[in-house]
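Chemist: Pasting final_35.csv here (CSV, N, CA and C atoms):
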```
chain,number,residue,atom,x,y,z
A,220,MET,N,102.9,94.3,81.7
A,220,MET,CA,101.8,94.6,82.6
A,220,MET,C,100.5,94.1,82.0
A,221,THR,N,99.8,93.4,82.8
A,221,THR,CA,98.4,93.0,82.4
A,221,THR,C,97.4,93.6,83.3
A,222,LYS,N,96.4,94.1,82.7
A,222,LYS,CA,95.3,94.8,83.4
A,222,LYS,C,94.3,93.7,83.8
A,223,SER,N,93.8,93.8,85.0
A,223,SER,CA,92.8,92.9,85.4
A,223,SER,C,91.4,93.3,85.1
A,224,PRO,N,90.6,92.5,84.4
A,224,PRO,CA,89.3,92.9,84.0
A,224,PRO,C,88.3,93.1,85.2
A,225,ASP,N,88.5,92.3,86.2
A,225,ASP,CA,87.6,92.4,87.3
A,225,ASP,C,88.1,93.4,88.4
A,226,ASN,N,89.2,93.9,88.2
A,226,ASN,CA,89.7,94.9,89.2
A,226,ASN,C,89.9,96.3,88.6
A,227,GLY,N,89.1,96.6,87.6
A,227,GLY,CA,89.1,98.0,87.1
A,227,GLY,C,90.5,98.3,86.4
A,228,ASN,N,91.0,99.4,86.7
A,228,ASN,CA,92.2,99.8,86.0
A,228,ASN,C,93.5,99.5,86.8
A,229,LYS,N,93.5,98.3,87.4
A,229,LYS,CA,94.6,97.9,88.3
A,229,LYS,C,95.5,97.0,87.5
A,230,ILE,N,96.8,97.0,87.8
A,230,ILE,CA,97.8,96.2,87.2
A,230,ILE,C,98.0,94.9,88.0
A,231,LYS,N,98.0,93.8,87.3
A,231,LYS,CA,98.1,92.5,88.0
A,231,LYS,C,99.6,92.0,87.9
A,232,LYS,N,100.1,91.7,89.0
A,232,LYS,CA,101.4,91.1,89.1
A,232,LYS,C,101.3,89.7,89.8
A,233,ILE,N,102.1,88.8,89.4
A,233,ILE,CA,102.1,87.4,89.9
A,233,ILE,C,103.3,87.2,90.7
A,234,TYR,N,103.2,86.6,91.9
A,234,TYR,CA,104.3,86.3,92.8
A,234,TYR,C,104.1,84.9,93.3
A,235,ARG,N,105.2,84.1,93.3
A,235,ARG,CA,105.1,82.8,93.8
A,235,ARG,C,106.0,82.8,95.1
A,236,CYS,N,105.3,82.4,96.2
A,236,CYS,CA,106.0,82.4,97.5
A,236,CYS,C,106.9,81.2,97.6
A,237,SER,N,108.2,81.5,98.0
A,237,SER,CA,109.2,80.4,98.1
A,237,SER,C,109.0,79.5,99.3
A,238,ILE,N,108.1,80.0,100.3
A,238,ILE,CA,107.9,79.2,101.5
A,238,ILE,C,106.7,78.3,101.3
A,239,CYS,N,105.5,78.8,100.9
A,239,CYS,CA,104.3,78.0,100.8
A,239,CYS,C,104.1,77.5,99.4
A,240,LYS,N,104.9,77.9,98.5
A,240,LYS,CA,104.9,77.5,97.1
A,240,LYS,C,103.6,77.8,96.4
A,241,LYS,N,102.8,78.8,96.9
A,241,LYS,CA,101.6,79.2,96.3
A,241,LYS,C,101.8,80.4,95.4
A,242,THR,N,101.1,80.5,94.3
A,242,THR,CA,101.1,81.7,93.5
A,242,THR,C,100.1,82.7,93.9
A,243,HIS,N,100.5,83.9,94.1
A,243,HIS,CA,99.6,85.0,94.5
A,243,HIS,C,99.4,86.0,93.4
A,244,ASP,N,98.2,86.5,93.2
A,244,ASP,CA,97.9,87.6,92.3
A,244,ASP,C,97.9,88.8,93.1
A,245,LEU,N,98.7,89.8,92.7
A,245,LEU,CA,98.7,91.1,93.4
A,245,LEU,C,98.2,92.1,92.4
A,246,TYR,N,97.3,93.0,92.9
A,246,TYR,CA,96.7,94.1,92.0
A,246,TYR,C,97.1,95.4,92.5
A,247,PHE,N,97.7,96.3,91.7
A,247,PHE,CA,98.1,97.6,92.1
A,247,PHE,C,97.4,98.6,91.2
A,248,PRO,N,97.0,99.8,91.7
A,248,PRO,CA,96.5,100.9,90.9
A,248,PRO,C,97.6,101.3,89.9
A,249,SER,N,97.3,101.7,88.7
A,249,SER,CA,98.3,102.0,87.7
A,249,SER,C,99.3,103.1,88.1
A,250,ASP,N,98.9,103.9,89.0
A,250,ASP,CA,99.8,105.0,89.5
A,250,ASP,C,100.4,104.7,90.9
A,251,PHE,N,100.4,103.4,91.3
A,251,PHE,CA,100.9,103.0,92.5
A,251,PHE,C,102.4,103.3,92.7
A,252,ALA,N,103.2,103.3,91.7
A,252,ALA,CA,104.6,103.5,91.8
A,252,ALA,C,105.0,105.0,91.6
A,253,LYS,N,104.1,105.8,91.3
A,253,LYS,CA,104.4,107.2,91.1
A,253,LYS,C,104.8,107.9,92.3
A,254,ASN,N,105.7,108.9,92.2
A,254,ASN,CA,106.1,109.8,93.2
A,254,ASN,C,106.7,109.1,94.5
A,255,ARG,N,107.4,108.0,94.3
A,255,ARG,CA,108.0,107.4,95.5
A,255,ARG,C,109.4,108.0,95.7
A,256,SER,N,109.8,108.0,96.9
A,256,SER,CA,111.1,108.7,97.3
A,256,SER,C,112.3,107.9,96.7
A,257,LYS,N,112.1,106.6,96.5
A,257,LYS,CA,113.2,105.8,95.9
A,257,LYS,C,112.6,104.6,95.3
A,258,TYR,N,113.4,104.0,94.4
A,258,TYR,CA,113.0,102.8,93.7
A,258,TYR,C,114.2,101.8,93.8
A,259,PRO,N,113.9,100.5,93.9
A,259,PRO,CA,112.6,99.9,94.1
A,259,PRO,C,112.1,100.3,95.5
A,260,PHE,N,110.8,100.3,95.7
A,260,PHE,CA,110.2,100.6,97.0
A,260,PHE,C,109.6,99.3,97.5
A,261,SER,N,109.3,99.3,98.8
A,261,SER,CA,108.8,98.0,99.4
A,261,SER,C,107.3,98.0,99.5
A,262,TYR,N,106.7,96.8,99.3
A,262,TYR,CA,105.3,96.6,99.5
A,262,TYR,C,105.2,95.3,100.4
A,263,VAL,N,104.6,95.4,101.5
A,263,VAL,CA,104.5,94.4,102.5
A,263,VAL,C,103.1,93.8,102.7
A,264,PHE,N,103.0,92.5,102.7
A,264,PHE,CA,101.7,91.9,102.9
A,264,PHE,C,101.9,90.5,103.7
A,265,LEU,N,100.8,90.1,104.3
A,265,LEU,CA,100.7,88.8,105.0
A,265,LEU,C,99.9,87.8,104.2
A,266,HIS,N,100.3,86.6,104.3
A,266,HIS,CA,99.4,85.5,103.9
A,266,HIS,C,99.7,84.3,104.7
A,267,LYS,N,98.8,83.3,104.7
A,267,LYS,CA,98.8,82.1,105.5
A,267,LYS,C,99.6,81.0,104.8
A,268,TYR,N,100.3,80.2,105.6
A,268,TYR,CA,101.0,79.0,105.1
A,268,TYR,C,99.9,78.0,104.9
A,269,GLU,N,99.5,77.7,103.7
A,269,GLU,CA,98.4,76.8,103.5
A,269,GLU,C,98.8,75.4,103.0
A,270,ASN,N,99.9,75.3,102.3
A,270,ASN,CA,100.2,74.0,101.6
A,270,ASN,C,101.2,73.2,102.4
A,271,SER,N,101.4,73.4,103.6
A,271,SER,CA,102.4,72.6,104.4
A,271,SER,C,101.9,71.3,104.7
A,272,GLU,N,102.7,70.3,104.6
A,272,GLU,CA,102.4,68.9,105.0
A,272,GLU,C,102.6,68.8,106.5
A,273,ASN,N,103.4,69.7,107.1
A,273,ASN,CA,103.6,69.7,108.5
A,273,ASN,C,102.4,70.4,109.2
A,274,ILE,N,101.7,69.8,110.0
A,274,ILE,CA,100.5,70.3,110.7
A,274,ILE,C,100.9,71.5,111.6
A,275,GLU,N,102.1,71.6,112.1
A,275,GLU,CA,102.5,72.7,112.9
A,275,GLU,C,102.7,74.0,112.1
A,276,ASP,N,103.0,73.9,110.8
A,276,ASP,CA,103.2,75.0,110.0
A,276,ASP,C,101.9,75.6,109.4
A,277,LYS,N,100.9,74.8,109.3
A,277,LYS,CA,99.7,75.1,108.7
A,277,LYS,C,99.1,76.4,109.4
A,278,ASP,N,98.7,77.3,108.6
A,278,ASP,CA,98.0,78.5,109.0
A,278,ASP,C,99.0,79.5,109.7
A,279,LYS,N,100.3,79.3,109.7
A,279,LYS,CA,101.2,80.3,110.2
A,279,LYS,C,101.2,81.5,109.3
A,280,ASP,N,101.5,82.6,109.8
A,280,ASP,CA,101.6,83.8,109.0
A,280,ASP,C,103.0,83.8,108.2
A,281,ILE,N,102.9,84.3,107.0
A,281,ILE,CA,104.1,84.5,106.2
A,281,ILE,C,104.2,86.0,105.9
A,282,LEU,N,105.2,86.7,106.4
A,282,LEU,CA,105.3,88.1,106.1
A,282,LEU,C,106.2,88.2,104.8
A,283,THR,N,105.6,88.9,103.8
A,283,THR,CA,106.3,89.0,102.5
A,283,THR,C,106.6,90.5,102.2
A,284,THR,N,107.8,90.8,101.9
A,284,THR,CA,108.2,92.1,101.4
A,284,THR,C,108.6,92.0,100.0
A,285,ILE,N,107.9,92.7,99.1
A,285,ILE,CA,108.2,92.7,97.7
A,285,ILE,C,108.8,94.1,97.3
A,286,TYR,N,109.8,94.1,96.5
A,286,TYR,CA,110.5,95.4,96.1
A,286,TYR,C,110.1,95.6,94.6
A,287,ILE,N,109.5,96.8,94.4
A,287,ILE,CA,108.8,97.1,93.2
A,287,ILE,C,109.5,98.3,92.5
A,288,ASP,N,109.8,98.3,91.2
A,288,ASP,CA,110.4,99.4,90.6
A,288,ASP,C,109.4,100.4,90.0
A,289,ALA,N,109.8,101.4,89.3
A,289,ALA,CA,109.0,102.5,88.9
A,289,ALA,C,108.0,102.0,87.8
A,290,GLN,N,108.2,100.9,87.2
A,290,GLN,CA,107.3,100.3,86.1
A,290,GLN,C,106.5,99.2,86.7
A,291,LEU,N,106.4,99.1,88.1
A,291,LEU,CA,105.6,98.1,88.8
A,291,LEU,C,106.1,96.7,88.5
A,292,ASN,N,107.4,96.5,88.2
A,292,ASN,CA,108.0,95.2,88.1
A,292,ASN,C,108.6,94.8,89.5
A,293,ILE,N,108.4,93.5,89.8
A,293,ILE,CA,109.0,93.0,91.0
A,293,ILE,C,110.4,92.8,90.9
A,294,ARG,N,111.3,93.4,91.7
A,294,ARG,CA,112.7,93.4,91.6
A,294,ARG,C,113.4,92.5,92.7
A,295,GLY,N,112.6,92.2,93.7
A,295,GLY,CA,113.2,91.4,94.8
A,295,GLY,C,112.1,91.0,95.8
A,296,VAL,N,112.3,89.9,96.5
A,296,VAL,CA,111.3,89.5,97.5
A,296,VAL,C,112.1,88.9,98.7
A,297,GLU,N,111.5,89.2,99.9
A,297,GLU,CA,112.0,88.6,101.1
A,297,GLU,C,110.7,88.1,101.8
A,298,VAL,N,110.9,86.8,102.3
A,298,VAL,CA,109.8,86.2,103.0
A,298,VAL,C,110.2,85.7,104.4
A,299,LEU,N,109.3,85.8,105.3
A,299,LEU,CA,109.6,85.4,106.7
A,299,LEU,C,108.5,84.6,107.3
A,300,LEU,N,108.7,83.4,107.7
A,300,LEU,CA,107.7,82.6,108.3
A,300,LEU,C,107.7,82.9,109.8
A,301,ASN,N,106.5,83.1,110.3
A,301,ASN,CA,106.4,83.4,111.7
A,301,ASN,C,106.5,82.1,112.5
A,302,GLU,N,107.7,81.8,113.0
A,302,GLU,CA,108.1,80.5,113.6
A,302,GLU,C,107.5,80.3,115.0
A,303,ASP,N,107.3,81.4,115.7
A,303,ASP,CA,106.8,81.3,117.1
A,303,ASP,C,105.4,81.7,117.2
A,304,ASP,N,104.8,81.8,118.3
A,304,ASP,CA,103.4,82.1,118.5
A,304,ASP,C,103.1,83.5,118.6
A,305,THR,N,104.0,84.4,118.2
A,305,THR,CA,103.7,85.8,118.3
A,305,THR,C,102.7,86.2,117.2
A,306,ASN,N,101.8,87.1,117.5
A,306,ASN,CA,100.8,87.5,116.5
A,306,ASN,C,101.3,88.6,115.6
A,307,ILE,N,101.2,88.4,114.4
A,307,ILE,CA,101.4,89.5,113.4
A,307,ILE,C,100.0,90.0,113.1
A,308,LEU,N,99.7,91.2,113.3
A,308,LEU,CA,98.3,91.7,113.2
A,308,LEU,C,97.8,91.6,111.8
A,309,SER,N,96.5,91.2,111.8
A,309,SER,CA,95.8,91.0,110.5
A,309,SER,C,95.5,92.4,110.0
A,310,LYS,N,95.2,92.5,108.7
A,310,LYS,CA,94.8,93.8,108.1
A,310,LYS,C,93.6,94.4,108.8
A,311,ASP,N,92.6,93.6,109.0
A,311,ASP,CA,91.4,94.1,109.7
A,311,ASP,C,91.7,94.6,111.1
A,312,THR,N,92.5,93.9,111.9
A,312,THR,CA,92.9,94.3,113.2
A,312,THR,C,93.7,95.6,113.1
A,313,SER,N,94.6,95.7,112.2
A,313,SER,CA,95.4,96.9,112.0
A,313,SER,C,94.5,98.1,111.7
A,314,LYS,N,93.5,97.9,110.8
A,314,LYS,CA,92.6,99.0,110.5
A,314,LYS,C,91.7,99.4,111.7
A,315,ASP,N,91.3,98.4,112.5
A,315,ASP,CA,90.5,98.8,113.7
A,315,ASP,C,91.4,99.6,114.6
A,316,ILE,N,92.6,99.2,114.8
A,316,ILE,CA,93.5,99.9,115.7
A,316,ILE,C,93.8,101.4,115.2
A,317,ILE,N,94.0,101.5,113.9
A,317,ILE,CA,94.3,102.8,113.3
A,317,ILE,C,93.0,103.7,113.4
A,318,GLY,N,91.9,103.1,113.2
A,318,GLY,CA,90.6,103.8,113.3
A,318,GLY,C,90.4,104.4,114.7
A,319,LYS,N,90.7,103.5,115.7
A,319,LYS,CA,90.5,104.0,117.1
A,319,LYS,C,91.5,105.1,117.5
A,320,LEU,N,92.8,104.9,117.0
A,320,LEU,CA,93.8,105.9,117.3
A,320,LEU,C,93.5,107.2,116.6
A,321,THR,N,93.0,107.1,115.4
A,321,THR,CA,92.7,108.3,114.7
A,321,THR,C,91.6,109.1,115.4
A,322,GLY,N,90.5,108.3,115.8
A,322,GLY,CA,89.5,109.0,116.6
A,322,GLY,C,90.0,109.6,117.9
A,323,PHE,N,90.9,109.0,118.6
A,323,PHE,CA,91.4,109.5,119.8
A,323,PHE,C,92.2,110.8,119.5
A,324,ILE,N,93.0,110.8,118.4
A,324,ILE,CA,93.8,111.9,118.0
A,324,ILE,C,92.9,113.1,117.7
A,325,LEU,N,91.8,112.8,117.0
A,325,LEU,CA,90.8,113.9,116.7
A,325,LEU,C,90.2,114.5,117.9
A,326,GLU,N,89.9,113.6,118.9
A,326,GLU,CA,89.3,114.1,120.2
A,326,GLU,C,90.3,115.0,120.9
A,327,LEU,N,91.6,114.6,120.9
A,327,LEU,CA,92.7,115.4,121.5
A,327,LEU,C,92.8,116.7,120.8
A,328,GLN,N,92.7,116.7,119.5
A,328,GLN,CA,92.8,118.0,118.8
A,328,GLN,C,91.7,118.9,119.2
A,329,ASP,N,90.5,118.4,119.3
A,329,ASP,CA,89.3,119.2,119.7
A,329,ASP,C,89.5,119.7,121.1
A,330,GLU,N,90.0,118.9,122.0
A,330,GLU,CA,90.2,119.3,123.4
A,330,GLU,C,91.3,120.4,123.4
A,331,HIS,N,92.3,120.2,122.6
A,331,HIS,CA,93.4,121.2,122.5
A,331,HIS,C,92.9,122.6,122.0
A,332,GLU,N,92.0,122.6,121.0
A,332,GLU,CA,91.5,123.8,120.6
A,332,GLU,C,90.6,124.5,121.7
A,333,ILE,N,89.9,123.7,122.4
A,333,ILE,CA,89.1,124.3,123.5
A,333,ILE,C,90.0,124.9,124.6
A,334,LEU,N,91.0,124.1,124.9
A,334,LEU,CA,92.0,124.6,125.9
A,334,LEU,C,92.7,125.9,125.5
A,335,ILE,N,93.1,126.0,124.2
A,335,ILE,CA,93.7,127.2,123.7
A,335,ILE,C,92.7,128.4,123.8
A,336,LYS,N,91.5,128.1,123.4
A,336,LYS,CA,90.5,129.2,123.5
A,336,LYS,C,90.3,129.7,125.0
A,337,LYS,N,90.2,128.7,125.9
A,337,LYS,CA,90.1,129.1,127.3
A,337,LYS,C,91.3,129.9,127.8
A,338,TYR,N,92.5,129.4,127.4
A,338,TYR,CA,93.7,130.1,127.8
A,338,TYR,C,93.7,131.5,127.2
A,339,ASN,N,93.4,131.7,126.0
A,339,ASN,CA,93.4,133.0,125.4
A,339,ASN,C,92.4,133.9,126.1
A,340,ASP,N,91.2,133.3,126.4
A,340,ASP,CA,90.2,134.1,127.2
A,340,ASP,C,90.7,134.5,128.5
A,341,LEU,N,91.4,133.6,129.3
A,341,LEU,CA,91.9,134.0,130.6
A,341,LEU,C,93.0,135.0,130.4
A,342,GLU,N,93.8,134.9,129.4
A,342,GLU,CA,94.9,135.8,129.2
A,342,GLU,C,94.3,137.2,128.9
A,343,LYS,N,93.3,137.3,128.2
A,343,LYS,CA,92.6,138.5,127.9
A,343,LYS,C,92.0,139.2,129.1
A,344,LYS,N,91.4,138.3,130.0
A,344,LYS,CA,90.8,138.8,131.2
A,344,LYS,C,91.9,139.3,132.1
A,345,TYR,N,93.1,138.6,132.2
A,345,TYR,CA,94.2,139.0,133.0
A,345,TYR,C,94.7,140.4,132.6
A,346,GLU,N,94.8,140.6,131.2
A,346,GLU,CA,95.3,141.9,130.7
A,346,GLU,C,94.3,143.0,131.1
A,347,GLU,N,93.0,142.7,131.0
A,347,GLU,CA,92.0,143.7,131.3
A,347,GLU,C,92.1,144.1,132.8
A,348,LEU,N,92.3,143.1,133.7
A,348,LEU,CA,92.4,143.3,135.1
A,348,LEU,C,93.7,144.1,135.4
A,349,SER,N,94.7,143.8,134.7
A,349,SER,CA,96.0,144.4,135.0
A,349,SER,C,96.0,145.9,134.6
A,350,ASN,N,95.2,146.2,133.6
A,350,ASN,CA,95.1,147.6,133.1
A,350,ASN,C,94.2,148.5,133.9
A,351,LYS,N,93.5,147.9,134.9
A,351,LYS,CA,92.6,148.7,135.7
A,351,LYS,C,93.2,149.4,136.8
```
Please express what this file holds, its structure, as structure tokens.

Modeler:
Amino acid sequence: MTKSPDNGNKIKKIYRCSICKKTHDLYFPSDFAKNRSKYPFSYVFLHKYENSENIEDKDKDILTTIYIDAQLNIRGVEVLLNEDDTNILSKDTSKDIIGKLTGFILELQDEHEILIKKYNDLEKKYEELSNK
């Protein structure tokens, strides 16, 4: 394991993509592999097909799944080139979607609490009226 000087206490792993033939540096926190339910576990990321001589392949997304053991060693790799025009969401787009959904969930939780309070108040009033 080599520690990256510019990435703090992160562990640097090197991976060479079998499709684009590019070497990628991956950085993981030193505790990234701790407390996983099984080993090796999967780590998934996207990168662009940059080195293609075929203009049709250039800038297509490559979905990469890396299998990592408890010592952060790469034990296996699966790569998939996006052959058609379907979009694989970028990291930024995914973050935006997750942020919006999280906000919506929080709003629903707040509304749920308000409704529960109103329900309990109505139930209390019903009991008071029933006892008269």

Chemist: Restricting the calculation to only N, CA and C atoms: of A:Asp244, A:Glu297, A:Glu330, A:Glu269, which residue gets closest to Lys232 in chain A?

Modeler: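 Of A:Asp244, A:Glu297, A:Glu330, A:Glu269, the one nearest Lys232 in chain A, counting only N, CA and C atoms, is A:Asp244.
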
Chemist: Where does DSSP see strand (DSSP E or B) in range 234-316 of chain A, if you list the residues as a PyMOL selection string?

Modeler: chain A and resi 234-235+242-248+260-267+280-287+293-300

Chemist: To one decimal in Å, tell me the separation between atom C of Val263 in chain A and atom C of Ile317 in chain A.

Modeler: 17.7 Å

Chemist: DSSP on the backbone: what in chain A comes out helix (DSSP H, G or I), as a ChimeraX atom specification?

Modeler: /A:224-226,310-349

Chemist: Choose the residue, out of A:Lys267, A:Lys240, A:Arg255, A:Tyr262, that has the smallest atom-to-atom separation from Ala289 in chain A; count all atoms listed in the file.

Modeler: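 Result for the nearest residue to Ala289 in chain A: A:Arg255.
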
Chemist: What gap, in Å, lies between CA of Cys239 in chain A and atom C of Asp315 in chain A?

Modeler: 28.7 Å

Chemist: Please compute the CA of Pro248 in chain A-CA of Asp288 in chain A distance, one decimal, in Å.

Modeler: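 A separation of 14.0 Å between them.
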
Chemist: Quick one: of A:Lys351, A:Lys229, A:His266, A:Arg235, who's nearest to Ile293 in chain A, counting only C-alpha atoms?

Modeler: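 The answer is A:Arg235, which sits nearest to Ile293 in chain A.
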
Chemist: Using only N, CA and C atoms, determine which residues lie at most 8 Å from Lys279 in chain A, disregarding the query and same-chain residues fewer than 3 positions distant; provide the list as an NGL selection string.

Modeler: :A and (266-269 or 275-276 or 282 or 300-302)

Chemist: Would you save the residues from that selection as a PDB file, in the frame of the given file, using N, CA and C atoms?

Modeler:
```pdb
ATOM      1  N   HIS A 266     100.300  86.600 104.300  1.00  0.00           N
ATOM      2  CA  HIS A 266      99.400  85.500 103.900  1.00  0.00           C
ATOM      3  C   HIS A 266      99.700  84.300 104.700  1.00  0.00           C
ATOM      4  N   LYS A 267      98.800  83.300 104.700  1.00  0.00           N
ATOM      5  CA  LYS A 267      98.800  82.100 105.500  1.00  0.00           C
ATOM      6  C   LYS A 267      99.600  81.000 104.800  1.00  0.00           C
ATOM      7  N   TYR A 268     100.300  80.200 105.600  1.00  0.00           N
ATOM      8  CA  TYR A 268     101.000  79.000 105.100  1.00  0.00           C
ATOM      9  C   TYR A 268      99.900  78.000 104.900  1.00  0.00           C
ATOM     10  N   GLU A 269      99.500  77.700 103.700  1.00  0.00           N
ATOM     11  CA  GLU A 269      98.400  76.800 103.500  1.00  0.00           C
ATOM     12  C   GLU A 269      98.800  75.400 103.000  1.00  0.00           C
ATOM     13  N   GLU A 275     102.100  71.600 112.100  1.00  0.00           N
ATOM     14  CA  GLU A 275     102.500  72.700 112.900  1.00  0.00           C
ATOM     15  C   GLU A 275     102.700  74.000 112.100  1.00  0.00           C
ATOM     16  N   ASP A 276     103.000  73.900 110.800  1.00  0.00           N
ATOM     17  CA  ASP A 276     103.200  75.000 110.000  1.00  0.00           C
ATOM     18  C   ASP A 276     101.900  75.600 109.400  1.00  0.00           C
ATOM     19  N   LEU A 282     105.200  86.700 106.400  1.00  0.00           N
ATOM     20  CA  LEU A 282     105.300  88.100 106.100  1.00  0.00           C
ATOM     21  C   LEU A 282     106.200  88.200 104.800  1.00  0.00           C
ATOM     22  N   LEU A 300     108.700  83.400 107.700  1.00  0.00           N
ATOM     23  CA  LEU A 300     107.700  82.600 108.300  1.00  0.00           C
ATOM     24  C   LEU A 300     107.700  82.900 109.800  1.00  0.00           C
ATOM     25  N   ASN A 301     106.500  83.100 110.300  1.00  0.00           N
ATOM     26  CA  ASN A 301     106.400  83.400 111.700  1.00  0.00           C
ATOM     27  C   ASN A 301     106.500  82.100 112.500  1.00  0.00           C
ATOM     28  N   GLU A 302     107.700  81.800 113.000  1.00  0.00           N
ATOM     29  CA  GLU A 302     108.100  80.500 113.600  1.00  0.00           C
ATOM     30  C   GLU A 302     107.500  80.300 115.000  1.00  0.00           C
TER      31      GLU A 302
END
```

Chemist: Counting all atoms listed in the file, which of A:Val298, A:Lys337, A:Lys310, A:Pro259 gets nearest to Tyr286 in chain A?

Modeler: A:Pro259
